[in-house]
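*Asks:* What follows is the file entry-v1.csv, containing CSV, C-alpha atoms:
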chain,number,residue,atom,x,y,z
A,1,MET,CA,14.5,15.2,-7.3
A,2,SER,CA,17.6,13.8,-9.0
A,3,GLY,CA,18.0,14.3,-12.7
A,4,GLN,CA,15.3,14.2,-15.3
A,5,TYR,CA,12.3,11.9,-15.7
A,6,ALA,CA,10.2,10.4,-18.4
A,7,ILE,CA,6.9,11.7,-17.1
A,8,LEU,CA,3.8,9.7,-17.7
A,9,PRO,CA,0.5,11.4,-16.6
A,10,CYS,CA,-2.9,9.7,-16.8
A,11,ASN,CA,-4.2,12.8,-18.6
A,12,GLY,CA,-7.8,11.6,-17.7
A,13,LEU,CA,-10.4,13.9,-19.3
A,14,ASP,CA,-13.6,12.9,-17.5
A,15,LYS,CA,-12.8,13.6,-13.9
A,16,ASN,CA,-11.4,16.7,-12.2
A,17,ALA,CA,-8.2,15.0,-11.1
A,18,GLY,CA,-7.1,13.9,-14.6
A,19,PRO,CA,-6.5,17.4,-16.0
A,20,LEU,CA,-4.6,18.2,-12.8
A,21,ALA,CA,-2.3,15.2,-13.5
A,22,ARG,CA,-1.6,16.7,-16.9
A,23,GLU,CA,-1.0,20.1,-15.4
A,24,LEU,CA,1.4,18.5,-12.9
A,25,ALA,CA,3.3,16.8,-15.7
A,26,LEU,CA,3.6,20.1,-17.6
A,27,ASN,CA,4.7,21.8,-14.5
A,28,LEU,CA,7.4,19.3,-13.7
A,29,ALA,CA,8.7,19.1,-17.3
A,30,ALA,CA,9.0,22.9,-17.3
A,31,GLU,CA,10.8,23.1,-13.9
A,32,ALA,CA,13.0,20.0,-14.2
A,33,GLY,CA,13.2,19.0,-17.8
A,34,GLY,CA,12.6,15.5,-18.9
A,35,GLU,CA,10.1,14.2,-21.4
A,36,ILE,CA,6.4,14.0,-21.2
A,37,ILE,CA,4.9,10.7,-22.4
A,38,CYS,CA,1.4,10.8,-23.9
A,39,PRO,CA,-0.5,7.9,-22.4
A,40,VAL,CA,-2.7,7.5,-25.4
A,41,LEU,CA,0.3,7.4,-27.8
A,42,LEU,CA,2.2,5.1,-25.5
A,43,ASN,CA,-0.7,2.8,-25.5
A,44,THR,CA,-0.9,2.8,-29.3
A,45,ALA,CA,2.7,2.9,-30.2
A,46,PRO,CA,4.9,2.0,-27.2
A,47,SER,CA,8.1,2.0,-29.4
A,48,ARG,CA,7.7,5.8,-29.8
A,49,TYR,CA,8.9,6.2,-26.2
A,50,GLU,CA,11.4,3.4,-26.0
A,51,ARG,CA,14.4,5.8,-25.9
A,52,ALA,CA,12.9,8.0,-23.2
A,53,THR,CA,11.9,5.2,-20.9
A,54,ALA,CA,15.3,3.5,-21.4
A,55,GLU,CA,17.3,6.6,-20.7
A,56,MET,CA,15.4,8.2,-17.8
A,57,PRO,CA,13.6,6.8,-14.7
A,58,LEU,CA,9.8,6.8,-15.2
A,59,LEU,CA,7.7,9.2,-13.1
A,60,VAL,CA,4.1,8.1,-13.2
A,61,ILE,CA,1.4,10.7,-12.3
A,62,ASP,CA,-2.1,9.4,-11.6
A,63,GLY,CA,-5.0,11.7,-11.1
A,64,CYS,CA,-7.3,9.4,-9.1
A,65,SER,CA,-7.1,6.0,-7.5
A,66,THR,CA,-8.1,4.2,-10.6
A,67,ARG,CA,-4.4,4.7,-11.4
A,68,CYS,CA,-4.7,4.3,-15.1
A,69,ALA,CA,-1.2,5.5,-15.8
A,70,THR,CA,0.3,3.0,-13.3
A,71,LYS,CA,-1.8,0.2,-14.8
A,72,LEU,CA,-0.6,1.2,-18.3
A,73,ALA,CA,3.0,1.2,-17.2
A,74,ASN,CA,2.6,-2.2,-15.6
A,75,ARG,CA,0.9,-3.6,-18.6
A,76,LEU,CA,3.7,-2.5,-20.8
A,77,GLY,CA,6.3,-3.9,-18.4
A,78,LEU,CA,7.8,-0.4,-17.7
A,79,LYS,CA,9.7,0.0,-14.5
A,80,ILE,CA,8.2,2.8,-12.4
A,81,GLY,CA,10.8,4.9,-10.6
A,82,GLU,CA,8.6,7.4,-8.8
A,83,LYS,CA,4.8,7.9,-8.5
A,84,LEU,CA,2.5,10.8,-7.7
A,85,LEU,CA,-1.2,10.6,-7.0
A,86,VAL,CA,-3.0,13.9,-7.3
A,87,THR,CA,-5.9,12.9,-5.0
A,88,ASP,CA,-3.5,11.8,-2.3
A,89,GLY,CA,-1.6,15.0,-2.6
A,90,ALA,CA,-4.9,16.9,-2.2
A,91,LYS,CA,-5.7,14.9,0.9
A,92,ASP,CA,-2.3,15.4,2.5
A,93,ALA,CA,-2.6,19.1,1.8
A,94,GLY,CA,-6.1,19.2,3.2
A,95,VAL,CA,-7.3,20.8,0.0
A,96,THR,CA,-10.6,20.1,-1.9
A,97,VAL,CA,-10.1,20.9,-5.6
A,98,GLU,CA,-12.8,22.3,-7.8
A,99,GLU,CA,-15.3,19.8,-9.3
A,100,GLY,CA,-15.2,20.9,-12.9
A,101,LEU,CA,-13.1,19.5,-15.7
A,102,THR,CA,-11.1,22.7,-16.2
A,103,PRO,CA,-8.6,23.2,-13.5
A,104,GLY,CA,-9.5,26.1,-11.1
A,105,PRO,CA,-7.2,28.2,-8.9
A,106,ILE,CA,-7.3,25.7,-6.0
A,107,GLY,CA,-6.4,22.8,-8.3
A,108,LEU,CA,-3.6,24.8,-10.0
A,109,ALA,CA,-2.2,26.0,-6.6
A,110,LEU,CA,-2.2,22.4,-5.4
A,111,VAL,CA,-0.4,21.2,-8.6
A,112,ALA,CA,2.3,24.0,-8.2
A,113,ARG,CA,2.8,22.9,-4.7
A,114,LEU,CA,3.1,19.2,-5.5
A,115,ALA,CA,5.6,20.0,-8.3
A,116,ALA,CA,7.7,22.2,-6.0
A,117,ASP,CA,7.7,19.6,-3.3
A,118,PHE,CA,8.7,16.9,-5.7
A,119,VAL,CA,11.6,19.0,-7.2
A,120,ALA,CA,12.8,20.1,-3.7
A,121,LYS,CA,12.7,16.5,-2.4
A,122,ALA,CA,16.3,15.5,-1.5
A,123,ALA,CA,17.5,13.0,-4.0
A,124,PRO,CA,17.5,9.9,-1.8
A,125,SER,CA,14.0,10.2,-0.4
A,126,VAL,CA,14.7,7.2,1.7
A,127,ALA,CA,18.0,8.0,3.4
A,128,GLN,CA,19.0,5.2,5.6
A,129,GLU,CA,20.6,5.3,9.0
A,130,SER,CA,23.1,2.5,9.4
A,131,PRO,CA,20.9,-0.4,10.3
A,132,ALA,CA,21.7,-2.5,13.3
A,133,ASP,CA,23.1,-5.9,12.7
A,134,PHE,CA,20.2,-8.1,11.7
A,135,GLU,CA,21.2,-11.5,10.6
A,136,THR,CA,19.1,-13.6,8.3
A,137,PRO,CA,17.3,-16.3,10.3
A,138,VAL,CA,18.3,-19.8,9.9
A,139,GLU,CA,15.5,-21.9,11.4
A,140,PHE,CA,12.1,-21.9,9.9
A,141,ILE,CA,8.8,-23.5,10.6
A,142,THR,CA,7.1,-24.6,7.3
A,143,VAL,CA,3.4,-24.5,6.7
A,144,THR,CA,2.2,-26.5,3.8
A,145,TYR,CA,-1.1,-26.1,2.0
A,146,ASP,CA,-1.8,-27.8,-1.2
A,147,LYS,CA,1.2,-27.2,-3.4
A,148,TYR,CA,2.3,-24.2,-1.4
A,149,ILE,CA,5.1,-24.1,1.2
A,150,PHE,CA,5.2,-21.1,3.5
A,151,LYS,CA,8.3,-20.4,5.7
A,152,ILE,CA,8.0,-18.8,9.1
A,153,PRO,CA,11.0,-18.0,11.3
A,154,ALA,CA,10.8,-20.3,14.4
A,155,ALA,CA,12.1,-17.7,16.9
A,156,GLY,CA,12.9,-14.1,17.2
A,157,TYR,CA,10.1,-12.8,15.0
A,158,PHE,CA,6.7,-11.6,16.1
A,159,PHE,CA,3.7,-11.2,13.7
A,160,ASN,CA,0.4,-9.4,13.5
A,161,GLU,CA,-2.6,-10.9,11.8
A,162,ASN,CA,-1.9,-8.6,8.8
A,163,ASP,CA,1.1,-10.7,7.9
A,164,CYS,CA,3.8,-8.3,8.9
A,165,TRP,CA,6.7,-9.2,11.2
A,166,VAL,CA,8.9,-7.4,13.6
A,167,ARG,CA,12.3,-8.4,15.0
A,168,VAL,CA,13.8,-6.5,17.8
A,169,ILE,CA,17.5,-6.3,18.4
A,170,GLY,CA,18.8,-3.8,21.0
A,171,ASP,CA,16.9,-0.5,20.5
A,172,ARG,CA,15.9,-1.3,16.9
A,173,ALA,CA,12.8,-3.0,15.6
A,174,ARG,CA,13.0,-4.2,12.0
A,175,VAL,CA,9.7,-4.7,10.2
A,176,GLY,CA,8.8,-6.6,7.1
A,177,VAL,CA,6.2,-8.8,5.5
A,178,SER,CA,5.8,-12.6,5.7
A,179,ASP,CA,6.6,-15.2,3.1
A,180,TYR,CA,2.8,-15.7,2.8
A,181,VAL,CA,2.5,-12.1,1.6
A,182,GLN,CA,5.1,-12.4,-1.0
A,183,GLN,CA,3.8,-15.7,-2.4
A,184,SER,CA,0.2,-14.6,-2.5
A,185,MET,CA,0.9,-11.2,-4.1
A,186,THR,CA,3.3,-12.8,-6.6
A,187,ASP,CA,6.0,-10.5,-8.1
A,188,ILE,CA,6.2,-7.3,-6.2
A,189,THR,CA,6.7,-4.5,-8.6
A,190,PHE,CA,6.6,-1.3,-6.5
A,191,PHE,CA,7.5,-0.2,-3.0
A,192,ASP,CA,6.1,3.0,-1.6
A,193,PRO,CA,8.3,3.8,1.4
A,194,PRO,CA,7.1,5.3,4.7
A,195,ARG,CA,8.4,8.7,5.7
A,196,LEU,CA,11.7,8.6,7.6
A,197,GLY,CA,11.4,10.3,11.0
A,198,ALA,CA,7.6,9.7,11.3
A,199,GLU,CA,6.1,8.5,14.5
A,200,VAL,CA,3.7,5.6,14.0
A,201,SER,CA,1.4,3.8,16.3
A,202,GLN,CA,1.0,0.1,16.3
A,203,PHE,CA,-1.2,-0.9,13.3
A,204,ASP,CA,-0.5,2.3,11.4
A,205,ASP,CA,0.7,2.1,7.8
A,206,LEU,CA,4.4,1.7,7.0
A,207,GLY,CA,4.1,2.5,3.3
A,208,SER,CA,2.7,-0.1,0.8
A,209,ILE,CA,3.8,-2.7,-1.7
A,210,GLU,CA,2.2,-3.5,-5.0
A,211,SER,CA,2.1,-6.3,-7.5
A,212,ALA,CA,0.0,-6.8,-10.6
A,213,LYS,CA,-2.5,-8.6,-8.3
A,214,ALA,CA,-2.7,-6.4,-5.3
A,215,VAL,CA,-1.8,-3.3,-3.3
A,216,MET,CA,-1.0,-4.0,0.4
A,217,ASP,CA,-0.5,-1.5,3.2
A,218,VAL,CA,2.3,-2.6,5.4
A,219,ILE,CA,0.7,-2.6,8.9
A,220,SER,CA,3.2,-1.8,11.6
A,221,PRO,CA,3.4,-4.5,14.3
A,222,VAL,CA,5.2,-2.0,16.5
A,223,SER,CA,4.8,1.7,17.6
A,224,GLY,CA,7.8,4.1,17.5
A,225,LYS,CA,9.8,6.4,15.3
A,226,ILE,CA,10.9,5.3,11.8
A,227,VAL,CA,14.7,5.6,11.8
A,228,ALA,CA,15.6,3.6,8.6
A,229,VAL,CA,13.9,2.6,5.4
A,230,ASN,CA,15.1,-0.1,3.1
A,231,SER,CA,16.0,2.2,0.2
A,232,GLU,CA,17.2,-0.7,-1.9
A,233,LEU,CA,13.6,-1.8,-2.3
A,234,VAL,CA,12.8,1.3,-4.3
A,235,ASP,CA,15.0,0.0,-7.2
A,236,ARG,CA,14.6,-3.7,-6.4
A,237,PRO,CA,11.2,-4.4,-4.8
A,238,GLU,CA,11.6,-8.0,-5.9
A,239,MET,CA,13.9,-8.5,-3.0
A,240,ILE,CA,10.8,-8.8,-0.9
A,241,ASN,CA,10.0,-11.9,-2.9
A,242,GLU,CA,13.5,-13.2,-2.7
A,243,ASP,CA,14.1,-12.8,1.0
A,244,PRO,CA,11.1,-11.5,2.9
A,245,TYR,CA,12.6,-12.0,6.4
A,246,GLY,CA,16.1,-10.8,5.5
A,247,LYS,CA,17.2,-8.4,2.7
A,248,GLY,CA,13.5,-7.6,1.9
A,249,TRP,CA,12.9,-5.8,5.2
A,250,ILE,CA,10.8,-2.7,5.0
A,251,ALA,CA,11.7,-0.3,7.7
A,252,GLU,CA,13.3,0.1,11.1
A,253,LEU,CA,11.8,1.8,14.1
A,254,GLU,CA,12.9,2.9,17.5
A,255,PRO,CA,10.3,1.0,19.5
A,256,GLN,CA,8.3,3.0,21.9
A,257,ASP,CA,6.9,0.3,24.1
A,258,PHE,CA,7.5,-3.1,22.6
A,259,ASP,CA,6.5,-5.0,25.7
A,260,SER,CA,3.1,-3.5,25.4
A,261,ASP,CA,2.9,-4.0,21.6
A,262,LYS,CA,3.9,-7.6,22.0
A,263,GLY,CA,0.7,-8.3,23.9
A,264,LEU,CA,-1.1,-8.0,20.5
A,265,LEU,CA,1.4,-10.0,18.5
A,266,LEU,CA,1.9,-13.6,17.7
A,267,THR,CA,5.0,-15.9,17.8
A,268,GLY,CA,5.9,-17.8,14.7
A,269,GLU,CA,4.2,-20.8,16.1
A,270,GLU,CA,1.0,-18.9,16.8
A,271,TYR,CA,1.1,-17.3,13.3
A,272,SER,CA,1.5,-20.6,11.5
A,273,PRO,CA,-2.2,-21.8,11.8
A,274,ILE,CA,-3.3,-18.4,10.6
A,275,VAL,CA,-1.3,-18.7,7.5
A,276,LYS,CA,-2.7,-22.2,6.8
A,277,LYS,CA,-6.2,-20.8,7.2
A,278,LYS,CA,-5.6,-17.9,4.9
A,279,ALA,CA,-4.1,-20.1,2.3
A,280,ALA,CA,-7.1,-22.4,2.5
A,281,GLU,CA,-9.5,-19.5,2.2
A,282,ALA,CA,-7.6,-18.0,-0.7
A,283,GLN,CA,-8.1,-21.3,-2.6
A,284,HIS,CA,-11.9,-21.2,-2.2
B,1,MET,CA,-17.6,-17.9,9.1
B,2,PRO,CA,-19.2,-17.2,12.4
B,3,ASP,CA,-16.3,-18.8,14.4
B,4,ASP,CA,-13.8,-16.4,12.7
B,5,THR,CA,-11.6,-14.4,15.1
B,6,PHE,CA,-9.2,-11.5,14.7
B,7,MET,CA,-6.6,-11.0,17.4
B,8,GLY,CA,-8.6,-13.3,19.6
B,9,VAL,CA,-11.8,-11.4,19.2
B,10,LYS,CA,-14.9,-12.6,17.3
B,11,ARG,CA,-14.6,-11.0,13.9
B,12,GLU,CA,-18.3,-10.0,13.8
B,13,ARG,CA,-17.7,-7.9,16.9
B,14,ILE,CA,-15.2,-5.7,15.1
B,15,PRO,CA,-16.9,-3.0,12.9
B,16,TRP,CA,-14.1,-2.8,10.4
B,17,PHE,CA,-15.4,-2.8,6.8
B,18,PRO,CA,-15.8,-0.4,3.9
B,19,THR,CA,-18.7,2.0,3.6
B,20,ILE,CA,-19.8,3.0,0.1
B,21,ASP,CA,-20.8,6.6,-0.5
B,22,TYR,CA,-23.5,6.2,-3.1
B,23,SER,CA,-23.4,9.9,-4.0
B,24,LYS,CA,-19.9,9.3,-5.3
B,25,CYS,CA,-19.8,5.7,-6.4
B,26,ASP,CA,-19.9,5.2,-10.2
B,27,PHE,CA,-20.3,1.4,-10.0
B,28,CYS,CA,-17.1,0.8,-12.0
B,29,MET,CA,-16.7,-2.4,-9.7
B,30,GLU,CA,-12.9,-2.0,-9.5
B,31,CYS,CA,-13.1,-2.5,-5.7
B,32,ASP,CA,-15.1,-5.8,-6.1
B,33,LYS,CA,-12.7,-7.0,-8.9
B,34,PHE,CA,-9.8,-6.3,-6.6
B,35,CYS,CA,-11.0,-7.7,-3.3
B,36,PRO,CA,-10.3,-11.4,-3.0
B,37,HIS,CA,-12.5,-11.8,0.1
B,38,ARG,CA,-15.9,-11.3,-1.5
B,39,VAL,CA,-16.8,-8.4,0.7
B,40,PHE,CA,-18.8,-6.8,-2.1
B,41,GLU,CA,-21.7,-8.3,-4.1
B,42,HIS,CA,-23.6,-7.1,-7.1
B,43,ARG,CA,-27.4,-6.6,-7.0
B,44,GLU,CA,-30.0,-6.5,-9.7
B,45,SER,CA,-32.2,-3.9,-7.9
B,46,GLY,CA,-31.3,-0.9,-5.7
B,47,PRO,CA,-27.6,0.0,-5.6
B,48,LYS,CA,-25.8,-2.3,-8.0
B,49,LEU,CA,-23.0,-2.9,-5.5
B,50,VAL,CA,-23.3,-3.5,-1.8
B,51,VAL,CA,-21.1,-4.4,1.1
B,52,ALA,CA,-22.6,-7.9,1.5
B,53,ASN,CA,-20.1,-9.7,3.7
B,54,PRO,CA,-18.6,-7.1,6.1
B,55,SER,CA,-17.0,-9.8,8.3
B,56,ASN,CA,-15.0,-11.1,5.4
B,57,CYS,CA,-13.1,-7.8,5.3
B,58,VAL,CA,-9.5,-8.0,6.6
B,59,VAL,CA,-9.3,-5.8,9.7
B,60,PHE,CA,-7.0,-2.8,9.0
B,61,CYS,CA,-6.9,-3.5,5.2
B,62,ARG,CA,-8.0,-0.5,3.1
B,63,ALA,CA,-6.7,-1.7,-0.2
B,64,CYS,CA,-10.1,-1.5,-2.0
B,65,SER,CA,-10.3,2.2,-1.3
B,66,LYS,CA,-7.1,2.7,-3.1
B,67,THR,CA,-8.6,1.3,-6.3
B,68,CYS,CA,-11.5,3.7,-6.0
B,69,GLY,CA,-11.3,6.5,-8.6
B,70,PRO,CA,-14.2,8.6,-7.2
B,71,ASP,CA,-13.0,8.1,-3.6
B,72,ALA,CA,-16.4,6.6,-2.5
B,73,ILE,CA,-15.1,4.1,0.0
B,74,SER,CA,-14.3,4.9,3.6
B,75,PHE,CA,-13.3,3.0,6.7
B,76,PRO,CA,-13.6,3.7,10.4
B,77,SER,CA,-10.7,5.2,12.3
B,78,LYS,CA,-8.0,2.8,13.3
B,79,PRO,CA,-7.3,4.0,16.8
B,80,GLY,CA,-11.0,3.6,17.7
B,81,ILE,CA,-11.0,0.0,16.4
B,82,ILE,CA,-7.7,-0.8,18.3
B,83,THR,CA,-9.1,0.4,21.5
B,84,LEU,CA,-12.3,-1.6,21.0
B,85,ILE,CA,-10.2,-4.8,20.2
B,86,LYS,CA,-8.2,-4.3,23.4
B,87,ASN,CA,-11.3,-3.9,25.5
B,88,LEU,CA,-12.9,-6.9,23.9
B,89,ARG,CA,-9.8,-9.0,24.5
B,90,GLU,CA,-9.9,-8.1,28.2
B,91,GLU,CA,-13.5,-9.3,28.3
B,92,GLY,CA,-12.3,-12.5,26.7
B,93,GLY,CA,-13.2,-12.0,23.1
Reformat the file's structure so that it appears as structure tokens.
*Replies:*
Amino acid sequence: MSGQYAILPCNGLDKNAGPLARELALNLAAEAGGEIICPVLLNTAPSRYERATAEMPLLVIDGCSTRCATKLANRLGLKIGEKLLVTDGAKDAGVTVEEGLTPGPIGLALVARLAADFVAKAAPSVAQESPADFETPVEFITVTYDKYIFKIPAAGYFFNENDCWVRVIGDRARVGVSDYVQQSMTDITFFDPPRLGAEVSQFDDLGSIESAKAVMDVISPVSGKIVAVNSELVDRPEMINEDPYGKGWIAELEPQDFDSDKGLLLTGEEYSPIVKKKAAEAQH
Amino acid sequence: MPDDTFMGVKRERIPWFPTIDYSKCDFCMECDKFCPHRVFEHRESGPKLVVANPSNCVVFCRACSKTCGPDAISFPSKPGIITLIKNLREEGG
């Protein structure tokens, strides 16, 4: 954890995860400093926290997947720097927390662990190995539907039906999402990066992206080890909108068996009719 | 959409769709509000929310479960589904 945060917990009172979000916020503020933002006051009087949110990156702590704190931050147009989700933390730790609304010993131990993990996390959580030389593609196929125009690289890219692409150069496979994804999600506001060094199978998740409209898991078209993550997206997720096949790439992997993976992937030409069909379905 | 396919396999042959645990669901309908594919539908009697159109669900998408506060939505395991898809492809979809 680098520096201090403005810490916005959901502070939900009617589910067991909410009070744990509050405990986690108190824990982090005690260990690392920063300022706690009361979600209720933020909602009523956002100007009260203008200074804190301008001076420090925002750490949002949600208890459960309703993600009220995230939604509040999005509604007020606050830029989210980091996010924690208590129920995900519990799942990752293999822990079932107590049912009641008062945190019990299991919940408190989980919170202490999540806080310690967050504080210990090396500052750039998405360190990047020098990526291989991937050039921006020049030739696109265009798919038009109604007023929409979707671009698809004509060659060198392979797609899965979950709208993610892979481009292999040498022993590196670069992965990202298609132009269809960025247009249908509209402005992408958050990038949750995958873990560097993780081994993934084809169709496993490679982190996720969020907009006001949707959350999308990035579904890996390729199996292998994650050797680079596009850390620039953490600060500028909008790069996915600006350049989905180039600067908006998500991660790079050392492919395990790309020839085998390729059997389940589509060329740009094969992917085009799928985009057209999805666009048509989205309209109706 | 009976002629729908995913990776060359008839969509209806791929059992990928959400399952609602009614002992946890609080019928907040966030999943339904979120899902653009009309997988869920409301009902007047019985459970107020059902998985009405499982074949509309995007294979490998689990986004609705991420909107679920009470964690009432589950999906099958991905490796099992991938193996099934591969086998069905060999059969010719």
*Asks:* List as a tab-separated table every residue of chain B that is in contact with chain A, defined as an atom at most 9 Å from one of its atoms (using all atoms listed in the file), together with the nearest atom pair and the distance in Å rounded to one decimal, sorted by chain and then rising number.
*Replies:*
residue	atom	partner	partner_atom	distance
B:Phe6	CA	A:Glu161	CA	7.2
B:Met7	CA	A:Glu161	CA	6.9
B:Glu30	CA	A:Thr66	CA	7.9
B:Phe34	CA	A:Ala214	CA	7.2
B:Cys35	CA	A:Ala214	CA	8.6
B:Pro36	CA	A:Ala282	CA	7.5
B:His37	CA	A:Ala282	CA	7.9
B:Val58	CA	A:Asn162	CA	7.9
B:Val59	CA	A:Asn162	CA	8.0
B:Phe60	CA	A:Phe203	CA	7.5
B:Cys61	CA	A:Asp217	CA	7.0
B:Arg62	CA	A:Asp217	CA	7.6
B:Ala63	CA	A:Val215	CA	6.0
B:Cys64	CA	A:Val215	CA	8.6
B:Ser65	CA	A:Ser65	CA	7.9
B:Lys66	CA	A:Ser65	CA	5.5
B:Thr67	CA	A:Ser65	CA	5.1
B:Cys68	CA	A:Ser65	CA	5.2
B:Gly69	CA	A:Ser65	CA	4.4
B:Pro70	CA	A:Cys64	CA	7.2
B:Asp71	CA	A:Ser65	CA	7.4
B:Lys78	CA	A:Phe203	CA	7.7
B:Pro79	CA	A:Phe203	CA	8.6
B:Ile82	CA	A:Phe203	CA	8.2
B:Lys86	CA	A:Leu264	CA	8.5
*Asks:* So that I can see what lies close to region 76-78 of chain A, please list as a ChimeraX atom specification the residues with an atom at most 9 Å from it, counting all atoms listed in the file and leaving out residues fewer than 4 positions away in the same chain.
*Replies:* /A:43,46,53,58,71-72
*Asks:* May I have the residues at most 10 Å from (1.1, 20.8, -15.0) in the file's coordinates, counting all atoms listed in the file, as a short mmCIF file (atom, residue, chain, number, x, y, z; two decimals) with C-alpha atoms, keeping the file's coordinate frame?
*Replies:*
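Below is the file out37.cif, written as the result:
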data_model
loop_
_atom_site.label_atom_id
_atom_site.label_comp_id
_atom_site.auth_asym_id
_atom_site.auth_seq_id
_atom_site.Cartn_x
_atom_site.Cartn_y
_atom_site.Cartn_z
CA PRO A 9 0.50 11.40 -16.60
CA PRO A 19 -6.50 17.40 -16.00
CA LEU A 20 -4.60 18.20 -12.80
CA ALA A 21 -2.30 15.20 -13.50
CA ARG A 22 -1.60 16.70 -16.90
CA GLU A 23 -1.00 20.10 -15.40
CA LEU A 24 1.40 18.50 -12.90
CA ALA A 25 3.30 16.80 -15.70
CA LEU A 26 3.60 20.10 -17.60
CA ASN A 27 4.70 21.80 -14.50
CA LEU A 28 7.40 19.30 -13.70
CA ALA A 29 8.70 19.10 -17.30
CA ALA A 30 9.00 22.90 -17.30
CA LEU A 108 -3.60 24.80 -10.00
CA VAL A 111 -0.40 21.20 -8.60
CA ALA A 112 2.30 24.00 -8.20
CA LEU A 114 3.10 19.20 -5.50
CA ALA A 115 5.60 20.00 -8.30
#
*Asks:* Between CA of Tyr22 (chain B) and CA of Leu49 (chain B), what is the distance in Å, rounded to a tenth?
*Replies:*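 If I compute the distance from CA of Tyr22 (chain B) to CA of Leu49 (chain B), I get 9.4 Å.
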*Asks:* Interatomic distance between CA of Ile209 (chain A) and CA of Glu139 (chain A)?
*Replies:*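 CA of Glu139 (chain A) lies at a distance of 26.0 Å from CA of Ile209 (chain A).
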*Asks:* Near Glu82 (chain A), counting only C-alpha atoms, which residues have an atom at most 7 Å away, once you skip same-chain residues fewer than 2 positions from it, shown as a tab-separated table (two decimals) with C-alpha atoms, keeping the file's coordinate frame?
*Replies:*
chain	number	residue	atom	x	y	z
A	58	LEU	CA	9.80	6.80	-15.20
A	59	LEU	CA	7.70	9.20	-13.10
A	60	VAL	CA	4.10	8.10	-13.20
A	80	ILE	CA	8.20	2.80	-12.40
*Asks:* When you look at Asn56 (chain B) with a cut-off of 10 Å (counting all atoms listed in the file), what residues show up, excluding the ones that are within fewer than 3 positions of it in the same chain? I need them as a PDB file with C-alpha atoms, in the coordinates of the input.
*Replies:*
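This went into selection-v2.pdb:
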ATOM      1  CA  MET B   1     -17.600 -17.900   9.100  1.00  0.00           C
ATOM      2  CA  ASP B   4     -13.800 -16.400  12.700  1.00  0.00           C
ATOM      3  CA  ARG B  11     -14.600 -11.000  13.900  1.00  0.00           C
ATOM      4  CA  GLU B  12     -18.300 -10.000  13.800  1.00  0.00           C
ATOM      5  CA  TRP B  16     -14.100  -2.800  10.400  1.00  0.00           C
ATOM      6  CA  PHE B  17     -15.400  -2.800   6.800  1.00  0.00           C
ATOM      7  CA  PRO B  36     -10.300 -11.400  -3.000  1.00  0.00           C
ATOM      8  CA  HIS B  37     -12.500 -11.800   0.100  1.00  0.00           C
ATOM      9  CA  ARG B  38     -15.900 -11.300  -1.500  1.00  0.00           C
ATOM     10  CA  VAL B  39     -16.800  -8.400   0.700  1.00  0.00           C
ATOM     11  CA  PHE B  40     -18.800  -6.800  -2.100  1.00  0.00           C
ATOM     12  CA  ALA B  52     -22.600  -7.900   1.500  1.00  0.00           C
ATOM     13  CA  ASN B  53     -20.100  -9.700   3.700  1.00  0.00           C
ATOM     14  CA  VAL B  59      -9.300  -5.800   9.700  1.00  0.00           C
TER      15      VAL B  59
END
*Asks:* Write out as a VMD selection string which residues come within 6 Å of Glu252 (chain A) when counting all atoms listed in the file, dropping same-chain ones fewer than 6 positions away.
*Replies:* chain A and resid 173 to 174 226 to 228
*Asks:* Please report the interatomic distance between CA of Glu242 (chain A) and CA of Leu196 (chain A) in Å with one decimal.
*Replies:*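 Separating CA of Glu242 (chain A) from CA of Leu196 (chain A) is a distance of 24.2 Å.
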*Asks:* What's the 10 Å shell around Val95 (chain A), counting only C-alpha atoms, without same-chain residues fewer than 6 positions away, as a VMD selection string?
*Replies:* chain A and resid 87 89 106 to 107 109 to 110
*Asks:* From the structure block, carefully write region 79-86 of chain B out with N, CA and C atoms; format it as a PDB file, in the first residue's frame.
*Replies:*
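In the end it all went to result.pdb:
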ATOM      1  N   PRO B  79     -14.391 -25.803 -15.886  1.00  0.00           N
ATOM      2  CA  PRO B  79     -13.695 -26.901 -16.560  1.00  0.00           C
ATOM      3  C   PRO B  79     -14.645 -27.995 -17.050  1.00  0.00           C
ATOM      4  N   GLY B  80     -15.671 -28.302 -16.270  1.00  0.00           N
ATOM      5  CA  GLY B  80     -16.638 -29.318 -16.674  1.00  0.00           C
ATOM      6  C   GLY B  80     -17.370 -28.914 -17.950  1.00  0.00           C
ATOM      7  N   ILE B  81     -17.750 -27.635 -18.012  1.00  0.00           N
ATOM      8  CA  ILE B  81     -18.476 -27.134 -19.186  1.00  0.00           C
ATOM      9  C   ILE B  81     -17.565 -27.135 -20.418  1.00  0.00           C
ATOM     10  N   ILE B  82     -16.293 -26.767 -20.207  1.00  0.00           N
ATOM     11  CA  ILE B  82     -15.356 -26.734 -21.346  1.00  0.00           C
ATOM     12  C   ILE B  82     -15.170 -28.146 -21.908  1.00  0.00           C
ATOM     13  N   THR B  83     -15.010 -29.120 -21.019  1.00  0.00           N
ATOM     14  CA  THR B  83     -14.859 -30.510 -21.466  1.00  0.00           C
ATOM     15  C   THR B  83     -16.099 -30.941 -22.253  1.00  0.00           C
ATOM     16  N   LEU B  84     -17.255 -30.596 -21.737  1.00  0.00           N
ATOM     17  CA  LEU B  84     -18.503 -30.956 -22.415  1.00  0.00           C
ATOM     18  C   LEU B  84     -18.570 -30.328 -23.811  1.00  0.00           C
ATOM     19  N   ILE B  85     -18.214 -29.034 -23.887  1.00  0.00           N
ATOM     20  CA  ILE B  85     -18.255 -28.343 -25.183  1.00  0.00           C
ATOM     21  C   ILE B  85     -17.300 -29.021 -26.170  1.00  0.00           C
ATOM     22  N   LYS B  86     -16.102 -29.359 -25.681  1.00  0.00           N
ATOM     23  CA  LYS B  86     -15.129 -30.014 -26.568  1.00  0.00           C
ATOM     24  C   LYS B  86     -15.689 -31.336 -27.084  1.00  0.00           C
TER      25      LYS B  86
END
